[in-house]
Amino acid sequence: MWSSEAFEQRLRQVGEERYHDKHPFNLRMHDGTLTREELQTWVRNRYYYQTRIPVKDGLILAKAHDPAFRREWVQRLLDHDGQEPGEGGLERWLDLARAVGLERAEVVGLRGVLPGVRAACDDYVEFVESNDLLASVAASLTELFAGDIMRRRLAAFEKHYPWVHTEGLRYFQNRTRQAPRDAAFGLAFVLEHARGSDDQTRCVAALERKCAILWRLLDAVQAAGRRPRFSRHAQLRIEGTADQTMVVLPERAVRLNASGREILEMCDGMRSAGAIARALGLRHPEIEQVESDVHQFLERMEQVGVLEVAP
Amino acid sequence: MRCTYCSNPLGFKDVPEALDAAAWGRVFAEAAALGCVHVGLTGGEPTLRRDLPEIVAATANAGLYSLLVTAGIPLEREGLVRLRDAGLRSVQLSLQDIDPAAAQTIAGARVLEAKLAFAAWTRELDLPLVLNVVLHRHNLARVPEFIALARKLDASRLELANTQYHGWALRNRAALLPTRAQLDEAFRVVSEARKTHLHPELVFVLPDYFADRPKPCMGGWARKTIVVTPSGVVLPCHAAAEISGLSFWRIDQHTLARCWADAPGMRAFRGNSWMPEPCRSCPERTRDFGGCRCQAFALLGDPAATDPTCAKAPRHDLVLAARAAAQAGTVAGMVLRGTPPN
């Protein structure tokens with residue numbers, strides 16, 4: 001078993017090695033090289049993560065038997081959801097969404113949430129659901145590293161993305177205060193309640209898992225910028241009407257219906273996956289989850305080799 | 001190569017009356033007219049044929065999407081360039097193992113280095129590469145390494161194919177059959193890898209000895225796939241000629257369409273009127289088509305019997321006994337293909 005200091009050091013080391021401030025997408029955000037479209041994709045998708053946080057905190061509350069713990073932890077729900085409608089972190093995120101040029105309804109409706117982002121965020125809730133209080137609190141300790149990233153982000157937005165109105169940045173400003181406070185409580189709890197080397201190892205693993213989830217979220221956001229095109233290895237066969245299109249590949253043939261063909265026709269190696277999904281979402285407002293369906297279709301078509309990614 | 005797990009027919013040998021490239025051209029044109037979209041150039045070893053570029057050109061002329069199924073050894077880079085230039089669309093390369101010594105034990109020859117070079121040429125020439133690794137108890141633990149290798153070689157698909165106990169492989173069954181724990185672990189590794197990487201596509205199918213249901217062999221007898229042997233015999237699968245008592249036609253006697261539709265051997269097990277119970281009334285008969293006729297013939301001597309790998313089969317006990325006996329199998333018990341009986 002580590003000493004309290006060594007254990008804390010070990011937890012901080014996880015952040016130094018794996019926290020998503022080192023993810024290429026965040027590096028680019030802070031360097032100021034993201035396009036408007038990329039920034040929008042991030043904001044819309046990260047909103048889904050924000051919606052999962054109070055759910056996760058509610059699960060943690062339900063595991064706690066100590067009133068003092070609950071009094072402290074319930075503050076997170078209030079921070080996030082506010083005391084009144086229009087208040088709280090979730091609303092501040094929607095301010096950011098408006099400031100980067102997104103419609104509130106499309107963000108709240110989660111239409112543009114990427115399947116990979118959804119899976120990563122749901123994985124976090126599922127982890128908290130199926131683990132005990134100690135591991136769940138340990139997973140939240142990414143907050144130890146959040147204050148710093150919020151400060152860097154604020155500076156980057158002011159410097160590189162002046163078109164984003166400062167009203168949209170209040171979420172980050174608030175988090176620079178909240179994250180260190182929350183993290184201090186969570187860290188003290190974990191240091192006190194991890195009673196043996198098994199507990200300590202579980203806490204480190206939980207924090208690593210959480211870092212991996214945040215990393216995957218950005219992987220998915222970054223991947224939405226890839227530009228798919230029809231694979232050079234695929235052979236297109238149009239038989240009869242357009243809805244009888246077949247794509248022939250090694251050891252496989254894929255039959256496409258009219259929707260599949262419509263999506264495929266937009267894959268010109270110029271448009272990003274995100275832009276294709278969004279355009280089809282606008283073209284077919286009557287279909288629920290159309291963007292998410294398009295992303296799944298694109299991914300499947302890339303997997304089987306109908307599409308490839310343009311360099 | 002003399003792989004211990006070879007499931008090719010035992011009667012494979014030189015074919016003096018093999019079809020020439022022009023005859024193949026007619027076969028491909030007829031196949032395309034029947035609605036075929038793929039053609040697999042397989043063997044034996046197809047790259048041993050000197051006229052392979054002409055044959056490949058004929059597949060391209062017919063508009064078929066070609067796949068060269070090869071061991072990758074006899075062909076030099078220039079040979080592959082000629083095939084690509086002739087219109088070859090894709091390549092499937094078989095690998096025995098990633099460990100050179102283990103590969104040699106299985107194949108009876110030093111092959112790994114040559115195969116890796118061949119794989120690299122394939123991708124340099126921008127041909128999609130399918131890797132096929134036949135799995136058994138002595139290499140299942142290396143599935144993670146096969147996946148890593150397939151990524152490194154930029155394969156578009158990795159087929160982790162569990163040994164089919166046909167042909168020569170049946171003789172080595174006790175030495176090759178894996179344990180359930182090995183299969184479960186390999187399946188876990190594959191599932192994890194699928195989550196983290198889109199490519200290569202990973203194909204992993206439980207061996208039917210462990211699946212409790214037979215595979216839909218060939219997608220159903222004489223239903224989806226036409227096999228034409230080097231001498232022009234039209235079969236539903238490459239092993240079907242081993243089944244005694246079935247008659248198939250040759251493409252110099254009839255059109256491909258007739259050989260396919262009407263030869264008595266093709267009609268013998270097409271559809272489900274041939275099925276015995278429990279297949280005949282089984283709700284799954286349209287999914288697995290009663291399993292593999294060659295397997296029923298090899299294990300029971302009766303090609304019309306229910307595939308014994310099905311848990312509902314009257315003779316499923318044969319498969320259960322083979323599974324139990326295999327727990328004691330060792331690599332020392334394996335016999336290379338072509339080794340004369342002592």
# chains A, B, ... in the order shown; residues from 1 in each chain; ligands from 1
>>> closest_atom_pairs(of="chain A", to="chain B", cutoff="12 Å", atoms="only C-alpha atoms", output="JSON lines")
{"residue": "A:Gly116", "atom": "CA", "partner": "B:Lys195", "partner_atom": "CA", "distance": 10.1}
{"residue": "A:Ala119", "atom": "CA", "partner": "B:Lys195", "partner_atom": "CA", "distance": 10.7}
{"residue": "A:Ala120", "atom": "CA", "partner": "B:Lys195", "partner_atom": "CA", "distance": 11.2}
{"residue": "A:Ala212", "atom": "CA", "partner": "B:Thr196", "partner_atom": "CA", "distance": 11.5}
{"residue": "A:Arg216", "atom": "CA", "partner": "B:Thr196", "partner_atom": "CA", "distance": 9.4}
{"residue": "A:Asp219", "atom": "CA", "partner": "B:Thr196", "partner_atom": "CA", "distance": 10.6}
{"residue": "A:Ala220", "atom": "CA", "partner": "B:Thr196", "partner_atom": "CA", "distance": 11.3}
{"residue": "A:Ala223", "atom": "CA", "partner": "B:Leu198", "partner_atom": "CA", "distance": 11.7}
{"residue": "A:Ser231", "atom": "CA", "partner": "B:Pro128", "partner_atom": "CA", "distance": 10.5}
{"residue": "A:Arg232", "atom": "CA", "partner": "B:Asp126", "partner_atom": "CA", "distance": 9.0}
{"residue": "A:His233", "atom": "CA", "partner": "B:Pro128", "partner_atom": "CA", "distance": 6.7}
{"residue": "A:Ala234", "atom": "CA", "partner": "B:Arg89", "partner_atom": "CA", "distance": 8.9}
{"residue": "A:Gln235", "atom": "CA", "partner": "B:Tyr65", "partner_atom": "CA", "distance": 7.6}
{"residue": "A:Leu236", "atom": "CA", "partner": "B:Tyr65", "partner_atom": "CA", "distance": 10.6}
{"residue": "A:Arg237", "atom": "CA", "partner": "B:Val37", "partner_atom": "CA", "distance": 9.4}
{"residue": "A:Glu239", "atom": "CA", "partner": "B:Gly35", "partner_atom": "CA", "distance": 10.7}
{"residue": "A:Met246", "atom": "CA", "partner": "B:Val37", "partner_atom": "CA", "distance": 9.6}
{"residue": "A:Val247", "atom": "CA", "partner": "B:Val37", "partner_atom": "CA", "distance": 9.7}
{"residue": "A:Val248", "atom": "CA", "partner": "B:Tyr65", "partner_atom": "CA", "distance": 7.0}
{"residue": "A:Leu249", "atom": "CA", "partner": "B:Tyr65", "partner_atom": "CA", "distance": 7.4}
{"residue": "A:Pro250", "atom": "CA", "partner": "B:Ser90", "partner_atom": "CA", "distance": 6.1}
{"residue": "A:Glu251", "atom": "CA", "partner": "B:His38", "partner_atom": "CA", "distance": 7.4}
{"residue": "A:Arg252", "atom": "CA", "partner": "B:His38", "partner_atom": "CA", "distance": 8.3}
{"residue": "A:Ala253", "atom": "CA", "partner": "B:Val37", "partner_atom": "CA", "distance": 8.0}
{"residue": "A:Val254", "atom": "CA", "partner": "B:Val37", "partner_atom": "CA", "distance": 11.1}
{"residue": "A:Leu298", "atom": "CA", "partner": "B:Leu198", "partner_atom": "CA", "distance": 11.5}
{"residue": "A:Glu299", "atom": "CA", "partner": "B:Leu198", "partner_atom": "CA", "distance": 8.0}
{"residue": "A:Arg300", "atom": "CA", "partner": "B:Leu198", "partner_atom": "CA", "distance": 8.7}
{"residue": "A:Met301", "atom": "CA", "partner": "B:Leu198", "partner_atom": "CA", "distance": 10.3}
{"residue": "A:Glu302", "atom": "CA", "partner": "B:Leu198", "partner_atom": "CA", "distance": 7.7}
{"residue": "A:Gln303", "atom": "CA", "partner": "B:Leu198", "partner_atom": "CA", "distance": 5.5}
{"residue": "A:Val304", "atom": "CA", "partner": "B:Glu201", "partner_atom": "CA", "distance": 6.8}
{"residue": "A:Gly305", "atom": "CA", "partner": "B:Ser156", "partner_atom": "CA", "distance": 7.3}
{"residue": "A:Val306", "atom": "CA", "partner": "B:Ser156", "partner_atom": "CA", "distance": 11.1}
{"residue": "A:Leu307", "atom": "CA", "partner": "B:Ser156", "partner_atom": "CA", "distance": 11.8}
{"residue": "A:Glu308", "atom": "CA", "partner": "B:Ser156", "partner_atom": "CA", "distance": 10.8}
{"residue": "A:Val309", "atom": "CA", "partner": "B:Leu198", "partner_atom": "CA", "distance": 11.9}
>>> residues_around(residues="B:Asp307", least_positions_apart="2", cutoff="10 Å", atoms="only C-alpha atoms", output="PyMOL selection string")
chain B and resi 208+213-215+279+290-297+299-300+302-305+309-316+319
>>> select_by_dssp(residues="stretch 47-265 of chain B", states="helix (DSSP H, G or I)", output="PyMOL selection string")
chain B and resi 47-48+52-61+77-85+100-107+112-124+140-152+167-171+173-176+180-196+208-211+217-219+240-242+256-262+264-265
>>> residues_around(residues="A:His30", least_positions_apart="3", cutoff="9 Å", atoms="only C-alpha atoms", output="number ranges by chain")
A: 25-27, 33-34, 152-153, 155-157, 160
>>> write_last_selection(atoms="N, CA and C atoms", output="PDB file, in the first residue's frame")
ATOM      1  N   PHE A  25      -6.726  17.025 -30.560  1.00  0.00           N
ATOM      2  CA  PHE A  25      -7.818  17.966 -30.818  1.00  0.00           C
ATOM      3  C   PHE A  25      -7.759  19.148 -29.847  1.00  0.00           C
ATOM      4  N   ASN A  26      -7.496  18.846 -28.566  1.00  0.00           N
ATOM      5  CA  ASN A  26      -7.371  19.938 -27.590  1.00  0.00           C
ATOM      6  C   ASN A  26      -6.135  20.789 -27.864  1.00  0.00           C
ATOM      7  N   LEU A  27      -5.055  20.143 -28.291  1.00  0.00           N
ATOM      8  CA  LEU A  27      -3.851  20.924 -28.619  1.00  0.00           C
ATOM      9  C   LEU A  27      -4.164  21.911 -29.728  1.00  0.00           C
ATOM     10  N   THR A  33      -6.114  26.531 -34.082  1.00  0.00           N
ATOM     11  CA  THR A  33      -6.184  26.089 -35.481  1.00  0.00           C
ATOM     12  C   THR A  33      -7.468  25.334 -35.813  1.00  0.00           C
ATOM     13  N   LEU A  34      -8.414  25.278 -34.883  1.00  0.00           N
ATOM     14  CA  LEU A  34      -9.679  24.617 -35.225  1.00  0.00           C
ATOM     15  C   LEU A  34     -10.498  25.513 -36.138  1.00  0.00           C
ATOM     16  N   ARG A 152      -6.435  27.648 -19.726  1.00  0.00           N
ATOM     17  CA  ARG A 152      -5.799  27.680 -21.047  1.00  0.00           C
ATOM     18  C   ARG A 152      -6.836  27.904 -22.150  1.00  0.00           C
ATOM     19  N   ARG A 153      -7.992  27.270 -21.931  1.00  0.00           N
ATOM     20  CA  ARG A 153      -9.044  27.359 -22.934  1.00  0.00           C
ATOM     21  C   ARG A 153      -9.572  28.787 -23.048  1.00  0.00           C
ATOM     22  N   ALA A 155      -8.034  31.531 -22.351  1.00  0.00           N
ATOM     23  CA  ALA A 155      -7.032  32.366 -23.018  1.00  0.00           C
ATOM     24  C   ALA A 155      -7.044  32.102 -24.519  1.00  0.00           C
ATOM     25  N   ALA A 156      -7.162  30.823 -24.889  1.00  0.00           N
ATOM     26  CA  ALA A 156      -7.128  30.466 -26.313  1.00  0.00           C
ATOM     27  C   ALA A 156      -8.332  31.054 -27.043  1.00  0.00           C
ATOM     28  N   PHE A 157      -9.514  30.985 -26.417  1.00  0.00           N
ATOM     29  CA  PHE A 157     -10.711  31.513 -27.072  1.00  0.00           C
ATOM     30  C   PHE A 157     -10.586  33.016 -27.269  1.00  0.00           C
ATOM     31  N   HIS A 160      -7.638  33.389 -30.044  1.00  0.00           N
ATOM     32  CA  HIS A 160      -7.715  32.794 -31.382  1.00  0.00           C
ATOM     33  C   HIS A 160      -9.114  32.774 -31.993  1.00  0.00           C
TER      34      HIS A 160
END
>>> residues_around(residues="B:Arg223", least_positions_apart="4", cutoff="8 Å", atoms="only C-alpha atoms", output="list in words")
Met218, Gly219, Pro236 and Arg270 of chain B
>>> residues_around(residues="A:Val100", least_positions_apart="5", cutoff="9 Å", atoms="only C-alpha atoms", output="list of chain:residue names")
A:Arg36, A:Leu39, A:Gln40, A:Val43, A:Asp95, A:Trp163, A:Val164, A:His165, A:Gly168
>>> write_last_selection(atoms="C-alpha atoms", output="mmCIF file, in the first residue's frame")
data_model
loop_
_atom_site.group_PDB
_atom_site.id
_atom_site.type_symbol
_atom_site.label_atom_id
_atom_site.label_comp_id
_atom_site.auth_asym_id
_atom_site.auth_seq_id
_atom_site.Cartn_x
_atom_site.Cartn_y
_atom_site.Cartn_z
ATOM 1 C CA ARG A 36 -15.506 27.035 -37.008
ATOM 2 C CA LEU A 39 -15.422 23.970 -32.873
ATOM 3 C CA GLN A 40 -19.157 23.606 -33.435
ATOM 4 C CA VAL A 43 -19.552 22.042 -28.597
ATOM 5 C CA ASP A 95 -24.655 29.965 -24.128
ATOM 6 C CA TRP A 163 -15.750 35.607 -33.191
ATOM 7 C CA VAL A 164 -17.007 33.657 -30.171
ATOM 8 C CA HIS A 165 -18.795 36.202 -27.996
ATOM 9 C CA GLY A 168 -20.359 32.224 -24.269
#
>>> select_by_dssp(residues="stretch 83-293 of chain B", states="strand (DSSP E or B)", output="PyMOL selection string")
chain B and resi 90-95+129-135+157-162+201-205+227-228+233-235+250
>>> write_last_selection(atoms="C-alpha atoms", output="mmCIF file, in the first residue's frame")
data_model
loop_
_atom_site.group_PDB
_atom_site.id
_atom_site.type_symbol
_atom_site.label_atom_id
_atom_site.label_comp_id
_atom_site.auth_asym_id
_atom_site.auth_seq_id
_atom_site.Cartn_x
_atom_site.Cartn_y
_atom_site.Cartn_z
ATOM 1 C CA SER B 90 -7.576 -8.109 -54.641
ATOM 2 C CA VAL B 91 -5.371 -10.637 -52.903
ATOM 3 C CA GLN B 92 -5.944 -13.106 -50.103
ATOM 4 C CA LEU B 93 -2.799 -14.357 -48.456
ATOM 5 C CA SER B 94 -2.692 -17.272 -46.041
ATOM 6 C CA LEU B 95 -0.430 -17.161 -43.004
ATOM 7 C CA LEU B 129 -5.027 -7.405 -48.903
ATOM 8 C CA VAL B 130 -7.063 -10.015 -47.083
ATOM 9 C CA LEU B 131 -5.081 -12.058 -44.573
ATOM 10 C CA ASN B 132 -6.271 -15.505 -43.707
ATOM 11 C CA VAL B 133 -4.936 -17.315 -40.666
ATOM 12 C CA VAL B 134 -6.164 -20.810 -39.967
ATOM 13 C CA LEU B 135 -6.580 -21.155 -36.208
ATOM 14 C CA ARG B 157 -9.581 -7.747 -43.625
ATOM 15 C CA LEU B 158 -8.240 -10.412 -41.313
ATOM 16 C CA GLU B 159 -9.971 -13.753 -41.432
ATOM 17 C CA LEU B 160 -9.297 -15.701 -38.288
ATOM 18 C CA ALA B 161 -10.620 -18.960 -39.610
ATOM 19 C CA ASN B 162 -10.831 -21.892 -37.294
ATOM 20 C CA GLU B 201 -12.146 -5.790 -40.451
ATOM 21 C CA LEU B 202 -11.874 -8.832 -38.204
ATOM 22 C CA VAL B 203 -13.692 -12.016 -39.100
ATOM 23 C CA PHE B 204 -13.785 -14.631 -36.377
ATOM 24 C CA VAL B 205 -16.125 -17.557 -36.517
ATOM 25 C CA VAL B 227 -16.779 -23.882 -58.084
ATOM 26 C CA VAL B 228 -15.115 -24.837 -61.362
ATOM 27 C CA VAL B 233 -15.986 -29.815 -63.441
ATOM 28 C CA VAL B 234 -18.697 -27.617 -61.933
ATOM 29 C CA LEU B 235 -19.171 -28.187 -58.199
ATOM 30 C CA ARG B 250 -18.127 -30.418 -67.053
#
>>> atom_distance(atom1="atom CA of B:Ala326", atom2="atom CA of B:Thr163")
13.5 Å
>>> residues_around(residues="B:Gly79", least_positions_apart="6", cutoff="12 Å", atoms="only C-alpha atoms", output="PDB file with C-alpha atoms, in the first residue's frame")
ATOM      1  CA  THR B  47       0.314 -18.631 -59.114  1.00  0.00           C
ATOM      2  CA  LEU B  48       1.986 -21.825 -60.330  1.00  0.00           C
ATOM      3  CA  ARG B  49       0.116 -21.387 -63.623  1.00  0.00           C
ATOM      4  CA  ARG B  50       2.193 -19.534 -66.187  1.00  0.00           C
ATOM      5  CA  ASP B  51      -0.898 -18.229 -67.969  1.00  0.00           C
ATOM      6  CA  LEU B  52      -2.355 -16.691 -64.799  1.00  0.00           C
ATOM      7  CA  PRO B  53      -2.071 -13.101 -66.175  1.00  0.00           C
ATOM      8  CA  GLY B  72       2.292 -16.002 -51.583  1.00  0.00           C
ATOM      9  CA  ILE B  73       5.437 -18.014 -51.987  1.00  0.00           C
ATOM     10  CA  ASP B  85      -1.669  -4.781 -64.655  1.00  0.00           C
ATOM     11  CA  ALA B  86      -3.852  -7.540 -66.072  1.00  0.00           C
ATOM     12  CA  LEU B  88      -6.373  -8.209 -60.602  1.00  0.00           C
ATOM     13  CA  PHE B 118       4.553 -10.739 -50.557  1.00  0.00           C
ATOM     14  CA  TRP B 121       4.301  -5.895 -52.294  1.00  0.00           C
ATOM     15  CA  THR B 122       0.540  -6.292 -52.398  1.00  0.00           C
ATOM     16  CA  LEU B 125       0.872  -2.108 -55.598  1.00  0.00           C
TER      17      LEU B 125
END
>>> atom_distance(atom1="atom CA of B:His238", atom2="atom CA of B:Gly25")
20.0 Å
>>> closest_atom_pairs(of="stretch 28-122 of chain B", to="stretch 140-145 of chain B", cutoff="10 Å", atoms="only C-alpha atoms", output="JSON lines")
{"residue": "B:Asp97", "atom": "CA", "partner": "B:Arg142", "partner_atom": "CA", "distance": 8.2}
{"residue": "B:Ile98", "atom": "CA", "partner": "B:Glu145", "partner_atom": "CA", "distance": 7.3}
{"residue": "B:Asp99", "atom": "CA", "partner": "B:Arg142", "partner_atom": "CA", "distance": 9.0}
